[in-house]
Amino acid sequence: MAASRRPPAPRHVDVAVIGAGHSGLAMSHCLAEQGIDHVVFERGDAGNAWRHDRWDSMTLLTPNWQCTLPGRAYDGPEPDGFMRSGEVADFIADYARSASAPVRNGTVVVALHAEEGCYRVSTDRGDWRAQ
């Protein structure tokens with residue numbers, strides 16, 4: 001009879017952010033500035049929704065010069081132009097890389113539960129606990 005294996009203990013962070021789009025990465029930047037331990041879960045890659053859940057021909061409604069994230073502004077050749085969905089995805093992915101955001105790409109959050117004064121974040125790659 002094989003010995004039963006217990007699931008690994010959840011990893012701990014102060015904050016769990018779900019989604020590595022504009023908002024999730026901006027929050028990650030602010031948390032990092034404050035020295036707060038955190039993780040960002042993303043089901044695909046940073047900017048995934050812009051790359052896979054939008055029409056290729058979709059463009060922003062605001063000019064490129066208004067596309068900013070903390071510490072990063074659009075610096076391309078068309079400041080008065082309008083980025084298409086793939087360009088927005090690239091902007092977000094480049095930002096995540098350059099900011100060294102703690103993004104867990106390819107990690108699907110399957111449940112979130114309040115538990116013992118914190119939250120248990122269940123993912124397809126294991127559980128986490130966050131304050």
# chains A, B, ... in the order shown; residues from 1 in each chain; ligands from 1
call {"tool": "residues_around", "arguments": {"residues": "region 62-64 of chain A", "least_positions_apart": "4", "cutoff": "8 Å", "atoms": "only C-alpha atoms", "output": "number ranges by chain"}}
result
A: 74, 78-83
call {"tool": "write_last_selection", "arguments": {"atoms": "N, CA and C atoms", "output": "short mmCIF file (atom, residue, chain, number, x, y, z; two decimals), in the first residue's frame"}}
result
data_model
loop_
_atom_site.label_atom_id
_atom_site.label_comp_id
_atom_site.auth_asym_id
_atom_site.auth_seq_id
_atom_site.Cartn_x
_atom_site.Cartn_y
_atom_site.Cartn_z
N TYR A 74 4.26 55.82 -23.04
CA TYR A 74 4.44 55.47 -24.45
C TYR A 74 5.60 56.29 -25.01
N GLU A 78 4.49 57.10 -32.84
CA GLU A 78 3.20 57.72 -33.16
C GLU A 78 2.45 58.15 -31.90
N PRO A 79 2.90 59.18 -31.20
CA PRO A 79 2.24 59.57 -29.97
C PRO A 79 0.77 59.97 -30.15
N ASP A 80 0.42 60.48 -31.33
CA ASP A 80 -0.96 60.86 -31.58
C ASP A 80 -1.77 59.75 -32.26
N GLY A 81 -1.15 58.59 -32.45
CA GLY A 81 -1.83 57.45 -33.05
C GLY A 81 -2.64 56.69 -32.00
N PHE A 82 -3.17 55.55 -32.42
CA PHE A 82 -4.00 54.72 -31.54
C PHE A 82 -3.53 53.28 -31.66
N MET A 83 -3.00 52.73 -30.57
CA MET A 83 -2.47 51.36 -30.59
C MET A 83 -3.56 50.35 -30.87
#
call {"tool": "select_by_dssp", "arguments": {"residues": "chain A", "states": "alpha helix (DSSP H)", "output": "short mmCIF file (atom, residue, chain, number, x, y, z; two decimals) with all heavy atoms, in the first residue's frame"}}
result
data_model
loop_
_atom_site.label_atom_id
_atom_site.label_comp_id
_atom_site.auth_asym_id
_atom_site.auth_seq_id
_atom_site.Cartn_x
_atom_site.Cartn_y
_atom_site.Cartn_z
N HIS A 22 -3.21 46.08 -17.19
CA HIS A 22 -2.83 47.43 -16.73
C HIS A 22 -2.97 47.57 -15.22
O HIS A 22 -2.03 48.00 -14.54
CB HIS A 22 -3.72 48.50 -17.40
CG HIS A 22 -3.35 48.85 -18.78
ND1 HIS A 22 -3.86 48.19 -19.86
CD2 HIS A 22 -2.52 49.79 -19.27
CE1 HIS A 22 -3.37 48.71 -20.96
NE2 HIS A 22 -2.55 49.69 -20.64
N SER A 23 -4.13 47.25 -14.70
CA SER A 23 -4.40 47.47 -13.27
C SER A 23 -3.54 46.58 -12.38
O SER A 23 -2.97 47.06 -11.39
CB SER A 23 -5.87 47.21 -12.96
OG SER A 23 -6.68 48.11 -13.66
N GLY A 24 -3.44 45.31 -12.72
CA GLY A 24 -2.64 44.39 -11.91
C GLY A 24 -1.18 44.78 -11.87
O GLY A 24 -0.53 44.73 -10.82
N LEU A 25 -0.63 45.19 -13.02
CA LEU A 25 0.78 45.57 -13.06
C LEU A 25 1.02 46.92 -12.39
O LEU A 25 2.06 47.12 -11.75
CB LEU A 25 1.29 45.57 -14.50
CG LEU A 25 1.37 44.18 -15.13
CD1 LEU A 25 1.71 44.29 -16.60
CD2 LEU A 25 2.37 43.31 -14.39
N ALA A 26 0.07 47.85 -12.51
CA ALA A 26 0.20 49.13 -11.81
C ALA A 26 0.19 48.89 -10.30
O ALA A 26 1.00 49.47 -9.57
CB ALA A 26 -0.92 50.08 -12.22
N MET A 27 -0.68 48.01 -9.84
CA MET A 27 -0.73 47.68 -8.41
C MET A 27 0.57 47.01 -7.98
O MET A 27 1.11 47.31 -6.91
CB MET A 27 -1.93 46.79 -8.11
CG MET A 27 -2.04 46.40 -6.65
SD MET A 27 -2.07 47.81 -5.50
CE MET A 27 -3.63 48.55 -5.91
N SER A 28 1.08 46.12 -8.79
CA SER A 28 2.35 45.45 -8.47
C SER A 28 3.47 46.48 -8.31
O SER A 28 4.27 46.38 -7.38
CB SER A 28 2.71 44.45 -9.58
OG SER A 28 3.98 43.89 -9.36
N HIS A 29 3.50 47.47 -9.19
CA HIS A 29 4.51 48.52 -9.11
C HIS A 29 4.41 49.26 -7.77
O HIS A 29 5.41 49.50 -7.08
CB HIS A 29 4.35 49.50 -10.27
CG HIS A 29 5.27 50.67 -10.21
ND1 HIS A 29 6.54 50.63 -10.75
CD2 HIS A 29 5.12 51.90 -9.67
CE1 HIS A 29 7.12 51.80 -10.54
NE2 HIS A 29 6.28 52.58 -9.89
N CYS A 30 3.18 49.64 -7.40
CA CYS A 30 2.96 50.36 -6.15
C CYS A 30 3.33 49.51 -4.93
O CYS A 30 3.94 50.02 -3.98
CB CYS A 30 1.51 50.84 -6.06
SG CYS A 30 1.07 52.06 -7.31
N LEU A 31 2.98 48.25 -4.95
CA LEU A 31 3.34 47.35 -3.86
C LEU A 31 4.85 47.21 -3.74
O LEU A 31 5.41 47.25 -2.64
CB LEU A 31 2.68 45.98 -4.05
CG LEU A 31 1.16 45.95 -3.91
CD1 LEU A 31 0.60 44.64 -4.47
CD2 LEU A 31 0.74 46.15 -2.47
N ALA A 32 5.53 47.04 -4.88
CA ALA A 32 6.98 46.90 -4.88
C ALA A 32 7.65 48.16 -4.33
O ALA A 32 8.62 48.07 -3.57
CB ALA A 32 7.49 46.59 -6.29
N GLU A 33 7.12 49.33 -4.70
CA GLU A 33 7.68 50.59 -4.18
C GLU A 33 7.60 50.66 -2.67
O GLU A 33 8.45 51.27 -2.03
CB GLU A 33 6.94 51.79 -4.78
CG GLU A 33 7.43 52.22 -6.12
CD GLU A 33 6.82 53.55 -6.53
OE1 GLU A 33 5.68 53.88 -6.11
OE2 GLU A 33 7.49 54.28 -7.27
N ASN A 48 -2.38 39.18 -21.68
CA ASN A 48 -3.06 38.07 -22.35
C ASN A 48 -4.40 38.45 -22.97
O ASN A 48 -4.67 38.11 -24.12
CB ASN A 48 -3.25 36.92 -21.36
CG ASN A 48 -3.87 35.70 -21.99
OD1 ASN A 48 -3.23 35.01 -22.76
ND2 ASN A 48 -5.13 35.43 -21.65
N ALA A 49 -5.24 39.15 -22.22
CA ALA A 49 -6.57 39.49 -22.73
C ALA A 49 -6.48 40.36 -23.98
O ALA A 49 -7.26 40.20 -24.91
CB ALA A 49 -7.40 40.19 -21.65
N TRP A 50 -5.51 41.28 -23.99
CA TRP A 50 -5.35 42.14 -25.17
C TRP A 50 -4.88 41.34 -26.37
O TRP A 50 -5.20 41.67 -27.50
CB TRP A 50 -4.37 43.27 -24.88
CG TRP A 50 -4.99 44.35 -24.08
CD1 TRP A 50 -4.91 44.53 -22.72
CD2 TRP A 50 -5.83 45.39 -24.57
NE1 TRP A 50 -5.64 45.63 -22.34
CE2 TRP A 50 -6.22 46.18 -23.47
CE3 TRP A 50 -6.29 45.75 -25.83
CZ2 TRP A 50 -7.03 47.28 -23.59
CZ3 TRP A 50 -7.11 46.85 -25.95
CH2 TRP A 50 -7.47 47.61 -24.84
N ARG A 51 -4.13 40.30 -26.14
CA ARG A 51 -3.59 39.51 -27.25
C ARG A 51 -4.59 38.46 -27.76
O ARG A 51 -4.65 38.17 -28.95
CB ARG A 51 -2.30 38.82 -26.82
CG ARG A 51 -1.53 38.22 -27.97
CD ARG A 51 -0.14 37.75 -27.61
NE ARG A 51 0.67 38.65 -26.83
CZ ARG A 51 1.29 39.74 -27.29
NH1 ARG A 51 1.17 40.09 -28.56
NH2 ARG A 51 2.02 40.49 -26.48
N HIS A 52 -5.40 37.90 -26.85
CA HIS A 52 -6.23 36.75 -27.25
C HIS A 52 -7.74 36.98 -27.15
O HIS A 52 -8.50 36.21 -27.72
CB HIS A 52 -5.86 35.54 -26.40
CG HIS A 52 -4.43 35.13 -26.56
ND1 HIS A 52 -3.94 34.57 -27.72
CD2 HIS A 52 -3.38 35.24 -25.72
CE1 HIS A 52 -2.66 34.33 -27.58
NE2 HIS A 52 -2.28 34.73 -26.37
N SER A 85 -4.76 46.24 -30.60
CA SER A 85 -4.76 45.33 -29.45
C SER A 85 -3.41 44.62 -29.26
O SER A 85 -2.93 44.50 -28.14
CB SER A 85 -5.89 44.31 -29.57
OG SER A 85 -5.78 43.56 -30.76
N GLY A 86 -2.78 44.17 -30.34
CA GLY A 86 -1.49 43.50 -30.22
C GLY A 86 -0.39 44.42 -29.70
O GLY A 86 0.48 44.00 -28.94
N GLU A 87 -0.46 45.69 -30.10
CA GLU A 87 0.53 46.66 -29.61
C GLU A 87 0.32 46.96 -28.13
O GLU A 87 1.29 47.12 -27.38
CB GLU A 87 0.44 47.96 -30.43
CG GLU A 87 0.85 47.78 -31.88
CD GLU A 87 0.47 48.96 -32.75
OE1 GLU A 87 -0.69 49.44 -32.66
OE2 GLU A 87 1.35 49.42 -33.50
N VAL A 88 -0.93 47.00 -27.69
CA VAL A 88 -1.22 47.19 -26.27
C VAL A 88 -0.69 45.98 -25.49
O VAL A 88 -0.05 46.13 -24.45
CB VAL A 88 -2.72 47.39 -26.01
CG1 VAL A 88 -3.01 47.44 -24.51
CG2 VAL A 88 -3.23 48.64 -26.70
N ALA A 89 -0.92 44.78 -26.01
CA ALA A 89 -0.41 43.56 -25.36
C ALA A 89 1.11 43.61 -25.24
O ALA A 89 1.67 43.28 -24.18
CB ALA A 89 -0.85 42.32 -26.14
N ASP A 90 1.79 44.05 -26.30
CA ASP A 90 3.25 44.17 -26.26
C ASP A 90 3.70 45.20 -25.23
O ASP A 90 4.67 44.98 -24.50
CB ASP A 90 3.81 44.55 -27.63
CG ASP A 90 3.68 43.44 -28.66
OD1 ASP A 90 3.46 42.27 -28.27
OD2 ASP A 90 3.78 43.76 -29.87
N PHE A 91 3.00 46.33 -25.16
CA PHE A 91 3.31 47.39 -24.19
C PHE A 91 3.22 46.84 -22.77
O PHE A 91 4.11 47.07 -21.95
CB PHE A 91 2.34 48.57 -24.39
CG PHE A 91 2.57 49.73 -23.47
CD1 PHE A 91 3.56 50.66 -23.75
CD2 PHE A 91 1.78 49.91 -22.35
CE1 PHE A 91 3.77 51.75 -22.90
CE2 PHE A 91 1.98 50.99 -21.51
CZ PHE A 91 2.98 51.92 -21.78
N ILE A 92 2.16 46.09 -22.50
CA ILE A 92 1.95 45.53 -21.16
C ILE A 92 3.01 44.46 -20.86
O ILE A 92 3.60 44.45 -19.78
CB ILE A 92 0.53 44.94 -21.04
CG1 ILE A 92 -0.50 46.07 -21.12
CG2 ILE A 92 0.37 44.15 -19.76
CD1 ILE A 92 -1.93 45.58 -21.27
N ALA A 93 3.27 43.57 -21.81
CA ALA A 93 4.26 42.51 -21.59
C ALA A 93 5.65 43.08 -21.39
O ALA A 93 6.40 42.63 -20.51
CB ALA A 93 4.24 41.53 -22.77
N ASP A 94 6.02 44.09 -22.18
CA ASP A 94 7.33 44.74 -22.02
C ASP A 94 7.44 45.39 -20.65
O ASP A 94 8.48 45.33 -20.00
CB ASP A 94 7.56 45.79 -23.11
CG ASP A 94 7.79 45.18 -24.48
OD1 ASP A 94 8.08 43.96 -24.56
OD2 ASP A 94 7.66 45.91 -25.48
N TYR A 95 6.36 46.01 -20.21
CA TYR A 95 6.35 46.64 -18.89
C TYR A 95 6.56 45.59 -17.79
O TYR A 95 7.36 45.80 -16.88
CB TYR A 95 5.04 47.39 -18.67
CG TYR A 95 4.95 48.06 -17.32
CD1 TYR A 95 5.56 49.29 -17.11
CD2 TYR A 95 4.27 47.47 -16.27
CE1 TYR A 95 5.49 49.93 -15.89
CE2 TYR A 95 4.19 48.09 -15.04
CZ TYR A 95 4.80 49.32 -14.84
OH TYR A 95 4.73 49.93 -13.62
N ALA A 96 5.85 44.49 -17.88
CA ALA A 96 5.98 43.43 -16.86
C ALA A 96 7.41 42.92 -16.79
O ALA A 96 7.96 42.73 -15.70
CB ALA A 96 5.02 42.28 -17.16
N ARG A 97 8.04 42.73 -17.96
CA ARG A 97 9.43 42.26 -17.99
C ARG A 97 10.38 43.31 -17.41
O ARG A 97 11.22 43.00 -16.56
CB ARG A 97 9.85 41.92 -19.41
CG ARG A 97 9.44 40.53 -19.85
CD ARG A 97 10.07 40.16 -21.18
NE ARG A 97 9.66 41.02 -22.27
CZ ARG A 97 8.54 40.88 -22.96
NH1 ARG A 97 7.72 39.89 -22.68
NH2 ARG A 97 8.24 41.70 -23.95
N SER A 98 10.27 44.54 -17.86
CA SER A 98 11.21 45.57 -17.42
C SER A 98 11.03 45.92 -15.95
O SER A 98 12.00 46.30 -15.29
CB SER A 98 11.08 46.82 -18.29
OG SER A 98 9.85 47.46 -18.07
#
call {"tool": "residues_around", "arguments": {"residues": "Arg120 (chain A)", "least_positions_apart": "4", "cutoff": "9 Å", "atoms": "only C-alpha atoms", "output": "tab-separated table (two decimals) with all heavy atoms, in the first residue's frame"}}
result
chain	number	residue	atom	x	y	z
A	10	PRO	N	0.67	25.78	1.57
A	10	PRO	CA	0.54	26.97	0.73
A	10	PRO	C	1.73	27.91	0.92
A	10	PRO	O	2.29	28.01	2.01
A	10	PRO	CB	-0.74	27.64	1.23
A	10	PRO	CG	-1.43	26.65	2.07
A	10	PRO	CD	-0.41	25.67	2.54
A	111	ALA	N	-10.04	29.36	-7.18
A	111	ALA	CA	-10.88	29.69	-6.03
A	111	ALA	C	-10.16	30.66	-5.12
A	111	ALA	O	-8.93	30.71	-5.08
A	111	ALA	CB	-11.24	28.42	-5.26
A	112	LEU	N	-10.96	31.42	-4.38
A	112	LEU	CA	-10.45	32.36	-3.40
A	112	LEU	C	-11.36	32.28	-2.19
A	112	LEU	O	-12.57	32.42	-2.32
A	112	LEU	CB	-10.46	33.78	-3.99
A	112	LEU	CG	-10.00	34.92	-3.11
A	112	LEU	CD1	-8.51	34.79	-2.80
A	112	LEU	CD2	-10.28	36.25	-3.79
A	113	HIS	N	-10.77	31.99	-1.03
A	113	HIS	CA	-11.58	31.81	0.19
A	113	HIS	C	-10.96	32.57	1.36
A	113	HIS	O	-9.73	32.54	1.53
A	113	HIS	CB	-11.64	30.32	0.60
A	113	HIS	CG	-12.22	29.43	-0.44
A	113	HIS	ND1	-13.56	29.35	-0.67
A	113	HIS	CD2	-11.63	28.58	-1.31
A	113	HIS	CE1	-13.78	28.47	-1.64
A	113	HIS	NE2	-12.62	28.00	-2.06
A	114	ALA	N	-11.81	33.22	2.16
A	114	ALA	CA	-11.34	33.80	3.42
A	114	ALA	C	-11.10	32.62	4.37
A	114	ALA	O	-11.90	31.69	4.45
A	114	ALA	CB	-12.40	34.73	3.99
A	115	GLU	N	-9.95	32.68	5.06
A	115	GLU	CA	-9.58	31.54	5.90
A	115	GLU	C	-8.62	32.00	7.00
A	115	GLU	O	-7.53	32.49	6.71
A	115	GLU	CB	-8.90	30.49	5.01
A	115	GLU	CG	-8.42	29.26	5.70
A	115	GLU	CD	-7.77	28.32	4.70
A	115	GLU	OE1	-8.52	27.59	4.01
A	115	GLU	OE2	-6.53	28.31	4.61
A	127	ASP	N	-1.58	26.12	-3.91
A	127	ASP	CA	-2.28	27.12	-3.10
A	127	ASP	C	-1.31	28.16	-2.53
A	127	ASP	O	-0.14	27.87	-2.31
A	127	ASP	CB	-3.02	26.45	-1.94
A	127	ASP	CG	-4.24	25.68	-2.40
A	127	ASP	OD1	-4.55	25.70	-3.61
A	127	ASP	OD2	-4.90	25.07	-1.54
A	128	TRP	N	-1.86	29.33	-2.29
A	128	TRP	CA	-1.15	30.45	-1.70
A	128	TRP	C	-2.00	31.02	-0.57
A	128	TRP	O	-3.22	30.91	-0.60
A	128	TRP	CB	-0.91	31.55	-2.73
A	128	TRP	CG	0.04	31.19	-3.82
A	128	TRP	CD1	-0.16	30.28	-4.82
A	128	TRP	CD2	1.33	31.71	-4.01
A	128	TRP	NE1	0.95	30.22	-5.63
A	128	TRP	CE2	1.88	31.09	-5.15
A	128	TRP	CE3	2.10	32.66	-3.33
A	128	TRP	CZ2	3.15	31.39	-5.63
A	128	TRP	CZ3	3.36	32.96	-3.81
A	128	TRP	CH2	3.88	32.33	-4.94
A	129	ARG	N	-1.36	31.66	0.39
A	129	ARG	CA	-2.06	32.40	1.44
A	129	ARG	C	-1.59	33.85	1.34
A	129	ARG	O	-0.41	34.12	1.19
A	129	ARG	CB	-1.76	31.82	2.81
A	129	ARG	CG	-2.44	30.47	3.03
A	129	ARG	CD	-2.06	29.85	4.36
A	129	ARG	NE	-2.42	30.67	5.51
A	129	ARG	CZ	-3.54	30.54	6.21
A	129	ARG	NH1	-4.42	29.62	5.87
A	129	ARG	NH2	-3.77	31.29	7.25
A	130	ALA	N	-2.57	34.76	1.44
A	130	ALA	CA	-2.26	36.19	1.36
A	130	ALA	C	-3.06	36.94	2.42
A	130	ALA	O	-4.18	36.55	2.75
A	130	ALA	CB	-2.62	36.73	-0.03
call {"tool": "closest_residue", "arguments": {"among": "A:Leu61, A:Val17, A:Pro8, A:Leu69", "to": "Phe41 (chain A)", "atoms": "only C-alpha atoms"}}
result
A:Val17
call {"tool": "atom_distance", "arguments": {"atom1": "CA of Ala16 (chain A)", "atom2": "CA of Ala73 (chain A)"}}
result
25.4 Å
call {"tool": "select_by_dssp", "arguments": {"residues": "chain A", "states": "strand (DSSP E)", "output": "VMD selection string"}}
result
chain A and resid 11 to 13 15 to 18 38 to 41 68 to 69 72 to 73 103 to 104 109 to 115 118 to 123 126 to 130
call {"tool": "write_last_selection", "arguments": {"atoms": "N, CA and C atoms", "output": "CSV table (one decimal), in the first residue's frame"}}
result
chain,number,residue,atom,x,y,z
A,11,ARG,N,2.1,28.6,-0.1
A,11,ARG,CA,3.1,29.6,-0.1
A,11,ARG,C,2.5,30.9,0.5
A,12,HIS,N,3.2,31.7,1.1
A,12,HIS,CA,2.7,32.9,1.8
A,12,HIS,C,3.2,34.2,1.1
A,13,VAL,N,2.3,35.2,0.9
A,13,VAL,CA,2.7,36.5,0.5
A,13,VAL,C,1.8,37.5,1.2
A,15,VAL,N,0.3,40.1,-0.3
A,15,VAL,CA,-0.8,40.5,-1.2
A,15,VAL,C,-0.8,39.6,-2.5
A,16,ALA,N,-1.9,39.1,-2.9
A,16,ALA,CA,-2.1,38.4,-4.2
A,16,ALA,C,-2.9,39.3,-5.1
A,17,VAL,N,-2.4,39.5,-6.3
A,17,VAL,CA,-3.1,40.2,-7.3
A,17,VAL,C,-3.5,39.3,-8.4
A,18,ILE,N,-4.7,39.3,-8.9
A,18,ILE,CA,-5.2,38.4,-9.9
A,18,ILE,C,-5.3,39.2,-11.2
A,38,HIS,N,4.5,40.4,-2.7
A,38,HIS,CA,3.3,40.1,-3.4
A,38,HIS,C,3.6,39.2,-4.6
A,39,VAL,N,2.5,38.7,-5.2
A,39,VAL,CA,2.6,37.9,-6.4
A,39,VAL,C,1.4,38.3,-7.3
A,40,VAL,N,1.6,38.2,-8.6
A,40,VAL,CA,0.6,38.5,-9.6
A,40,VAL,C,0.3,37.2,-10.4
A,41,PHE,N,-0.9,36.8,-10.3
A,41,PHE,CA,-1.3,35.6,-11.1
A,41,PHE,C,-1.9,36.0,-12.4
A,68,THR,N,-0.1,55.0,-20.3
A,68,THR,CA,1.0,55.0,-19.3
A,68,THR,C,0.8,53.9,-18.3
A,69,LEU,N,1.9,53.5,-17.7
A,69,LEU,CA,1.8,52.7,-16.5
A,69,LEU,C,2.8,53.4,-15.5
A,72,ARG,N,6.4,54.4,-16.7
A,72,ARG,CA,6.5,54.1,-18.1
A,72,ARG,C,5.5,54.8,-18.9
A,73,ALA,N,5.9,55.5,-19.9
A,73,ALA,CA,5.0,56.2,-20.8
A,73,ALA,C,5.2,55.7,-22.2
A,103,VAL,N,5.2,38.1,-11.7
A,103,VAL,CA,4.0,37.5,-12.4
A,103,VAL,C,4.2,36.0,-12.5
A,104,ARG,N,3.2,35.3,-12.2
A,104,ARG,CA,3.1,33.8,-12.4
A,104,ARG,C,2.3,33.6,-13.6
A,109,VAL,N,-6.3,31.0,-11.4
A,109,VAL,CA,-6.9,31.1,-10.1
A,109,VAL,C,-8.2,30.4,-10.2
A,110,VAL,N,-8.4,29.3,-9.4
A,110,VAL,CA,-9.6,28.5,-9.5
A,110,VAL,C,-10.6,28.8,-8.3
A,111,ALA,N,-10.0,29.4,-7.2
A,111,ALA,CA,-10.9,29.7,-6.0
A,111,ALA,C,-10.2,30.7,-5.1
A,112,LEU,N,-11.0,31.4,-4.4
A,112,LEU,CA,-10.4,32.4,-3.4
A,112,LEU,C,-11.4,32.3,-2.2
A,113,HIS,N,-10.8,32.0,-1.0
A,113,HIS,CA,-11.6,31.8,0.2
A,113,HIS,C,-11.0,32.6,1.4
A,114,ALA,N,-11.8,33.2,2.2
A,114,ALA,CA,-11.3,33.8,3.4
A,114,ALA,C,-11.1,32.6,4.4
A,115,GLU,N,-9.9,32.7,5.1
A,115,GLU,CA,-9.6,31.5,5.9
A,115,GLU,C,-8.6,32.0,7.0
A,118,CYS,N,-6.9,35.5,6.8
A,118,CYS,CA,-6.3,35.8,5.5
A,118,CYS,C,-7.1,35.2,4.4
A,119,TYR,N,-6.5,35.1,3.2
A,119,TYR,CA,-7.2,34.5,2.1
A,119,TYR,C,-6.3,33.3,1.5
A,120,ARG,N,-7.0,32.3,1.2
A,120,ARG,CA,-6.4,31.2,0.5
A,120,ARG,C,-6.7,31.3,-1.0
A,121,VAL,N,-5.7,31.4,-1.8
A,121,VAL,CA,-5.8,31.5,-3.3
A,121,VAL,C,-5.4,30.2,-3.8
A,122,SER,N,-6.4,29.5,-4.4
A,122,SER,CA,-6.2,28.2,-5.0
A,122,SER,C,-6.0,28.4,-6.5
A,123,THR,N,-4.8,27.8,-7.0
A,123,THR,CA,-4.5,27.9,-8.4
A,123,THR,C,-4.3,26.5,-8.9
A,126,GLY,N,-1.1,25.1,-7.4
A,126,GLY,CA,-0.9,25.0,-5.9
A,126,GLY,C,-1.6,26.2,-5.2
A,127,ASP,N,-1.6,26.1,-3.9
A,127,ASP,CA,-2.3,27.1,-3.1
A,127,ASP,C,-1.3,28.2,-2.5
A,128,TRP,N,-1.9,29.3,-2.3
A,128,TRP,CA,-1.1,30.5,-1.7
A,128,TRP,C,-2.0,31.0,-0.6
A,129,ARG,N,-1.4,31.7,0.4
A,129,ARG,CA,-2.1,32.4,1.4
A,129,ARG,C,-1.6,33.8,1.3
A,130,ALA,N,-2.6,34.8,1.4
A,130,ALA,CA,-2.3,36.2,1.4
A,130,ALA,C,-3.1,36.9,2.4
call {"tool": "residues_around", "arguments": {"residues": "Val108 (chain A)", "least_positions_apart": "6", "cutoff": "7 Å", "atoms": "only C-alpha atoms", "output": "PyMOL selection string"}}
result
chain A and resi 42-43+123-124
call {"tool": "closest_residue", "arguments": {"among": "A:Ser100, A:Gln34, A:Arg84, A:Asn105", "to": "Cys67 (chain A)", "atoms": "only C-alpha atoms"}}
result
A:Arg84
